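Below is one structure, written out as structure tokens; comments come after it.
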There are 2 protein chains.
Amino acid sequence: MLKELPVIRQRGVCCQLPEVDRAWAESSAGLLKALADPTRLTMLAALWKAEAPICICDFTGSLDLSQPTISHHMGKLKEAGLVESEKTGIWIYYRLRAGLPAATRRVLSGILS
Amino acid sequence: MLKELPVIRQRGVCCQLPEVDRAWAESSAGLLKALADPTRLTMLAALWKAEAPICICDFTGSLDLSQPTISHHMGKLKEAGLVESEKTGIWIYYRLRAGLPAATRRVLSGILS
DNA sequence: ACAACCCATCGATGAACGTGGATGGATTTG
DNA sequence: CAAATCCATCCACGTTCATCGATGGGTTGT
């Protein structure tokens with residue numbers, strides 16, 4: 001089933017692994033942590049589908065969570081640079097951030113497509 | 001900056017949001033949680049680059065973590081269905097699971113590409 | 001001016017997570 | 001057989017996280 005093994009193994013001797021950039025791992029994990037929550041995924045999917053700004057109060061109507069909790073989740077999405085907001089009257093509208101990095105867009109489309 | 005707002009707003013009245021499947025949100029969040037860790041991302045990237053099976057003991061040489069911790073992380077990747085293992089002698093080799101769902105492959109390539 | 005509403009912030013509480021040590025099974029080597 | 005190595009599992013500890021309630025600033029409408 002497996003491809004051929006890389007080398008003949010010796011006990012107590014480790015094989016060298018491909019180099020992986022730590023900074024990349026840290027930042028990627030940060031992005032994924034922002035995404036790894038059902039509520040935040042649902043909000044992102046709604047923004048993705050709607051293609052229009054959505055007010056926080058609309059989420060409080062659909063999701064079974066308190067307003068602070070929803071604001072908290074949206075704050076994480078904003079902190080991760082995934083959404084941006086604009087205030088209109090007493091409402092604050094959120095939408096997917098314009099100009100997302102290509103790598104981020106690929107990840108999002110993979111999940112939300 | 002914003003596109004046109006969906007409707008004329010009224011105080012205390014929420015707009016309806018696009019439907020988002022809860023089961024999808026739950027399972028996607030599960031996959032992303034498995035990925036949202038720098039150590040696990042590093043291990044996945046190594047498997048991705050190496051295109052060959054890798055032994056746990058190899059990671060103990062590169063990563064600054066104890067062997068049980070590494071085994072624990074790998075267990076999560078396996079539990080998420082991202083990797084599979086095969087035992088050869090005293091070593092257990094891990095590799096990316098064959099036949100990953102298309103959506104999962106898109107997410108992975110977006111992150112690891 | 002007053003009341004109603006929207007939203008962010010803060011503190012508290014309980015759950016979940018990451019990490020490491022210890023243990024034990026399995027296998028190979030001497 | 002005895003020792004060494006590889007690995008998973010169990011348990012415990014400390015930290016982080018999610019959620020809620022309360023508070024207050026700011027805005028709109030009467």
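Starting from 1 in every chain, residues are counted up; chains themselves are A, B, ... following the order of the structure tokens, and ligands are numbered from 1 as listed.
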
Mind dumping a table of every chain D residue within 9 Å of chain A, with the nearest atom pair and its distance in Å to one decimal, using only C-alpha atoms (C1' of nucleotides), sorted by chain and rising number, as a Markdown table?
| residue | atom | partner | partner_atom | distance |
| --- | --- | --- | --- | --- |
| D:DT5 | C1' | A:Arg11 | CA | 6.9 |
| D:DC6 | C1' | A:Arg11 | CA | 8.9 |
| D:DA18 | C1' | A:Thr69 | CA | 8.3 |
| D:DT19 | C1' | A:Thr69 | CA | 6.7 |
| D:DC20 | C1' | A:Ser66 | CA | 7.8 |
| D:DG26 | C1' | A:Ile90 | CA | 8.3 |
| D:DT27 | C1' | A:Ile90 | CA | 5.6 |
| D:DT28 | C1' | A:Ile90 | CA | 7.4 |

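If you count only C-alpha atoms (C1' of nucleotides) and ignore residues fewer than 2 places along the chain from DT15 in chain D, what sits within 12 Å of it is DA16, DC17, DG18 and DT19 of chain C; DC13 and DC17 of chain D.
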
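Candidate residues B:Thr39, B:Ala50, B:Val83, B:Thr88 were compared for distance to Leu100 in chain B, and the nearest is B:Val83, using only C-alpha atoms.
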
Rotate and translate chain A onto chain B via least squares on all in-order Cα pairs, then write the result as a PDB file with C-alpha atoms, in the first residue's frame.
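File superposed.pdb, as written:
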ATOM      1  CA  MET A   1     -18.176  51.845  -0.227  1.00  0.00           C
ATOM      2  CA  LEU A   2     -20.989  49.430   0.522  1.00  0.00           C
ATOM      3  CA  LYS A   3     -23.338  48.049  -2.002  1.00  0.00           C
ATOM      4  CA  GLU A   4     -26.910  49.110  -1.656  1.00  0.00           C
ATOM      5  CA  LEU A   5     -28.522  47.911   1.539  1.00  0.00           C
ATOM      6  CA  PRO A   6     -30.912  44.995   1.220  1.00  0.00           C
ATOM      7  CA  VAL A   7     -34.015  46.711   2.528  1.00  0.00           C
ATOM      8  CA  ILE A   8     -35.185  49.797   4.307  1.00  0.00           C
ATOM      9  CA  ARG A   9     -34.484  49.058   7.908  1.00  0.00           C
ATOM     10  CA  GLN A  10     -36.909  49.333  10.777  1.00  0.00           C
ATOM     11  CA  ARG A  11     -35.951  49.383  14.407  1.00  0.00           C
ATOM     12  CA  GLY A  12     -36.434  46.084  16.173  1.00  0.00           C
ATOM     13  CA  VAL A  13     -37.057  44.223  12.938  1.00  0.00           C
ATOM     14  CA  CYS A  14     -34.515  41.683  11.741  1.00  0.00           C
ATOM     15  CA  CYS A  15     -33.871  40.827   8.141  1.00  0.00           C
ATOM     16  CA  GLN A  16     -33.994  37.241   7.042  1.00  0.00           C
ATOM     17  CA  LEU A  17     -30.644  35.673   6.360  1.00  0.00           C
ATOM     18  CA  PRO A  18     -29.631  33.032   3.848  1.00  0.00           C
ATOM     19  CA  GLU A  19     -30.168  29.538   5.184  1.00  0.00           C
ATOM     20  CA  VAL A  20     -27.003  27.851   6.380  1.00  0.00           C
ATOM     21  CA  ASP A  21     -26.963  24.134   7.062  1.00  0.00           C
ATOM     22  CA  ARG A  22     -26.083  23.421  10.671  1.00  0.00           C
ATOM     23  CA  ALA A  23     -24.695  19.978  10.023  1.00  0.00           C
ATOM     24  CA  TRP A  24     -22.369  21.452   7.429  1.00  0.00           C
ATOM     25  CA  ALA A  25     -21.195  24.111   9.878  1.00  0.00           C
ATOM     26  CA  GLU A  26     -20.545  21.533  12.570  1.00  0.00           C
ATOM     27  CA  SER A  27     -18.566  19.158  10.405  1.00  0.00           C
ATOM     28  CA  SER A  28     -16.598  21.911   8.714  1.00  0.00           C
ATOM     29  CA  ALA A  29     -15.706  23.397  12.060  1.00  0.00           C
ATOM     30  CA  GLY A  30     -14.535  19.962  13.136  1.00  0.00           C
ATOM     31  CA  LEU A  31     -12.189  19.719  10.192  1.00  0.00           C
ATOM     32  CA  LEU A  32     -10.863  23.225  10.750  1.00  0.00           C
ATOM     33  CA  LYS A  33     -10.297  22.587  14.433  1.00  0.00           C
ATOM     34  CA  ALA A  34      -8.120  19.654  13.502  1.00  0.00           C
ATOM     35  CA  LEU A  35      -6.102  21.966  11.257  1.00  0.00           C
ATOM     36  CA  ALA A  36      -5.972  25.000  13.522  1.00  0.00           C
ATOM     37  CA  ASP A  37      -2.751  24.218  15.317  1.00  0.00           C
ATOM     38  CA  PRO A  38       0.803  25.121  14.268  1.00  0.00           C
ATOM     39  CA  THR A  39       2.196  21.714  15.184  1.00  0.00           C
ATOM     40  CA  ARG A  40      -0.445  19.819  13.239  1.00  0.00           C
ATOM     41  CA  LEU A  41      -0.063  22.163  10.276  1.00  0.00           C
ATOM     42  CA  THR A  42       3.672  21.583  10.325  1.00  0.00           C
ATOM     43  CA  MET A  43       3.208  17.834  10.365  1.00  0.00           C
ATOM     44  CA  LEU A  44       0.694  17.984   7.554  1.00  0.00           C
ATOM     45  CA  ALA A  45       2.969  20.217   5.509  1.00  0.00           C
ATOM     46  CA  ALA A  46       5.817  17.769   5.993  1.00  0.00           C
ATOM     47  CA  LEU A  47       3.638  14.879   4.833  1.00  0.00           C
ATOM     48  CA  TRP A  48       2.463  16.978   1.922  1.00  0.00           C
ATOM     49  CA  LYS A  49       5.981  17.868   0.831  1.00  0.00           C
ATOM     50  CA  ALA A  50       7.557  14.502   1.497  1.00  0.00           C
ATOM     51  CA  GLU A  51       4.914  12.570  -0.413  1.00  0.00           C
ATOM     52  CA  ALA A  52       6.194   9.593   1.532  1.00  0.00           C
ATOM     53  CA  PRO A  53       5.312   8.032   4.856  1.00  0.00           C
ATOM     54  CA  ILE A  54       6.904   9.562   7.929  1.00  0.00           C
ATOM     55  CA  CYS A  55       7.537   7.910  11.267  1.00  0.00           C
ATOM     56  CA  ILE A  56       6.473   9.518  14.531  1.00  0.00           C
ATOM     57  CA  CYS A  57      10.020   9.342  15.802  1.00  0.00           C
ATOM     58  CA  ASP A  58      11.163  11.626  12.989  1.00  0.00           C
ATOM     59  CA  PHE A  59       8.840  14.327  14.241  1.00  0.00           C
ATOM     60  CA  THR A  60      10.183  14.042  17.750  1.00  0.00           C
ATOM     61  CA  GLY A  61      13.560  14.870  16.286  1.00  0.00           C
ATOM     62  CA  SER A  62      12.457  18.027  14.475  1.00  0.00           C
ATOM     63  CA  LEU A  63       9.718  19.396  16.673  1.00  0.00           C
ATOM     64  CA  ASP A  64      10.472  20.526  20.189  1.00  0.00           C
ATOM     65  CA  LEU A  65       7.737  18.479  21.778  1.00  0.00           C
ATOM     66  CA  SER A  66       7.559  15.274  23.726  1.00  0.00           C
ATOM     67  CA  GLN A  67       6.695  12.054  21.960  1.00  0.00           C
ATOM     68  CA  PRO A  68       3.275  11.665  23.645  1.00  0.00           C
ATOM     69  CA  THR A  69       2.320  15.169  22.650  1.00  0.00           C
ATOM     70  CA  ILE A  70       3.255  14.504  19.039  1.00  0.00           C
ATOM     71  CA  SER A  71       1.372  11.231  19.116  1.00  0.00           C
ATOM     72  CA  HIS A  72      -1.583  13.108  20.528  1.00  0.00           C
ATOM     73  CA  HIS A  73      -1.524  15.632  17.702  1.00  0.00           C
ATOM     74  CA  MET A  74      -1.157  12.910  15.086  1.00  0.00           C
ATOM     75  CA  GLY A  75      -4.083  11.107  16.694  1.00  0.00           C
ATOM     76  CA  LYS A  76      -6.248  14.155  16.081  1.00  0.00           C
ATOM     77  CA  LEU A  77      -5.241  14.293  12.447  1.00  0.00           C
ATOM     78  CA  LYS A  78      -6.080  10.612  12.125  1.00  0.00           C
ATOM     79  CA  GLU A  79      -9.378  11.036  13.961  1.00  0.00           C
ATOM     80  CA  ALA A  80     -10.245  13.804  11.516  1.00  0.00           C
ATOM     81  CA  GLY A  81      -9.588  11.391   8.650  1.00  0.00           C
ATOM     82  CA  LEU A  82      -6.688  13.402   7.265  1.00  0.00           C
ATOM     83  CA  VAL A  83      -3.935  10.837   7.661  1.00  0.00           C
ATOM     84  CA  GLU A  84      -3.612   7.086   7.757  1.00  0.00           C
ATOM     85  CA  SER A  85      -0.963   4.889   9.280  1.00  0.00           C
ATOM     86  CA  GLU A  86       0.747   1.609   8.686  1.00  0.00           C
ATOM     87  CA  LYS A  87       3.014  -0.330  10.940  1.00  0.00           C
ATOM     88  CA  THR A  88       6.328  -1.604   9.629  1.00  0.00           C
ATOM     89  CA  GLY A  89       8.492  -3.370  12.146  1.00  0.00           C
ATOM     90  CA  ILE A  90       8.596  -1.272  15.283  1.00  0.00           C
ATOM     91  CA  TRP A  91       7.760   1.894  13.444  1.00  0.00           C
ATOM     92  CA  ILE A  92       4.427   3.352  12.539  1.00  0.00           C
ATOM     93  CA  TYR A  93       4.413   5.382   9.366  1.00  0.00           C
ATOM     94  CA  TYR A  94       1.904   8.105   8.650  1.00  0.00           C
ATOM     95  CA  ARG A  95       0.912   9.637   5.366  1.00  0.00           C
ATOM     96  CA  LEU A  96      -1.856  11.761   3.920  1.00  0.00           C
ATOM     97  CA  ARG A  97      -4.953   9.675   3.561  1.00  0.00           C
ATOM     98  CA  ALA A  98      -5.767   8.556   0.062  1.00  0.00           C
ATOM     99  CA  GLY A  99      -9.229   9.375  -1.232  1.00  0.00           C
ATOM    100  CA  LEU A 100      -9.849  12.554   0.698  1.00  0.00           C
ATOM    101  CA  PRO A 101     -13.148  14.275  -0.167  1.00  0.00           C
ATOM    102  CA  ALA A 102     -12.821  16.928  -2.828  1.00  0.00           C
ATOM    103  CA  ALA A 103     -13.845  19.697  -0.445  1.00  0.00           C
ATOM    104  CA  THR A 104     -11.189  18.621   2.029  1.00  0.00           C
ATOM    105  CA  ARG A 105      -8.559  18.533  -0.699  1.00  0.00           C
ATOM    106  CA  ARG A 106      -9.489  22.044  -1.764  1.00  0.00           C
ATOM    107  CA  VAL A 107      -9.096  23.324   1.776  1.00  0.00           C
ATOM    108  CA  LEU A 108      -5.760  21.591   2.200  1.00  0.00           C
ATOM    109  CA  SER A 109      -4.336  22.805  -1.070  1.00  0.00           C
ATOM    110  CA  GLY A 110      -5.484  26.307  -0.208  1.00  0.00           C
ATOM    111  CA  ILE A 111      -3.509  26.175   3.010  1.00  0.00           C
ATOM    112  CA  LEU A 112      -0.500  24.079   2.073  1.00  0.00           C
ATOM    113  CA  SER A 113       0.001  25.100  -1.518  1.00  0.00           C
TER     114      SER A 113
END

Worksheet item: How would you write, as a list of chain:residue names, the set of residues in chain B that DSSP gives as strand (DSSP E or B)?
Response: B:Ile54, B:Cys55, B:Val83, B:Glu84, B:Ser85, B:Glu86, B:Lys87, B:Thr88, B:Trp91, B:Ile92, B:Tyr93, B:Tyr94, B:Arg95, B:Leu96

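Among the candidates D:DT9, D:DG29, D:DA3, D:DG24, the one nearest to DT29 in chain C when counting only C-alpha atoms (C1' of nucleotides) is D:DA3.
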
Discussion item. Please return, as a PyMOL selection string, all residues of chain A that DSSP assigns to helix (DSSP H, G or I) on the basis of the backbone.
Written reply: chain A and resi 22-35+38-50+56-62+67-79+102-112

Item to complete: Residues of chain C no more than 12 Å from chain B, counting only C-alpha atoms (C1' of nucleotides): send them over as a ChimeraX atom specification.
Response: /C:4-6,17-22,26-28
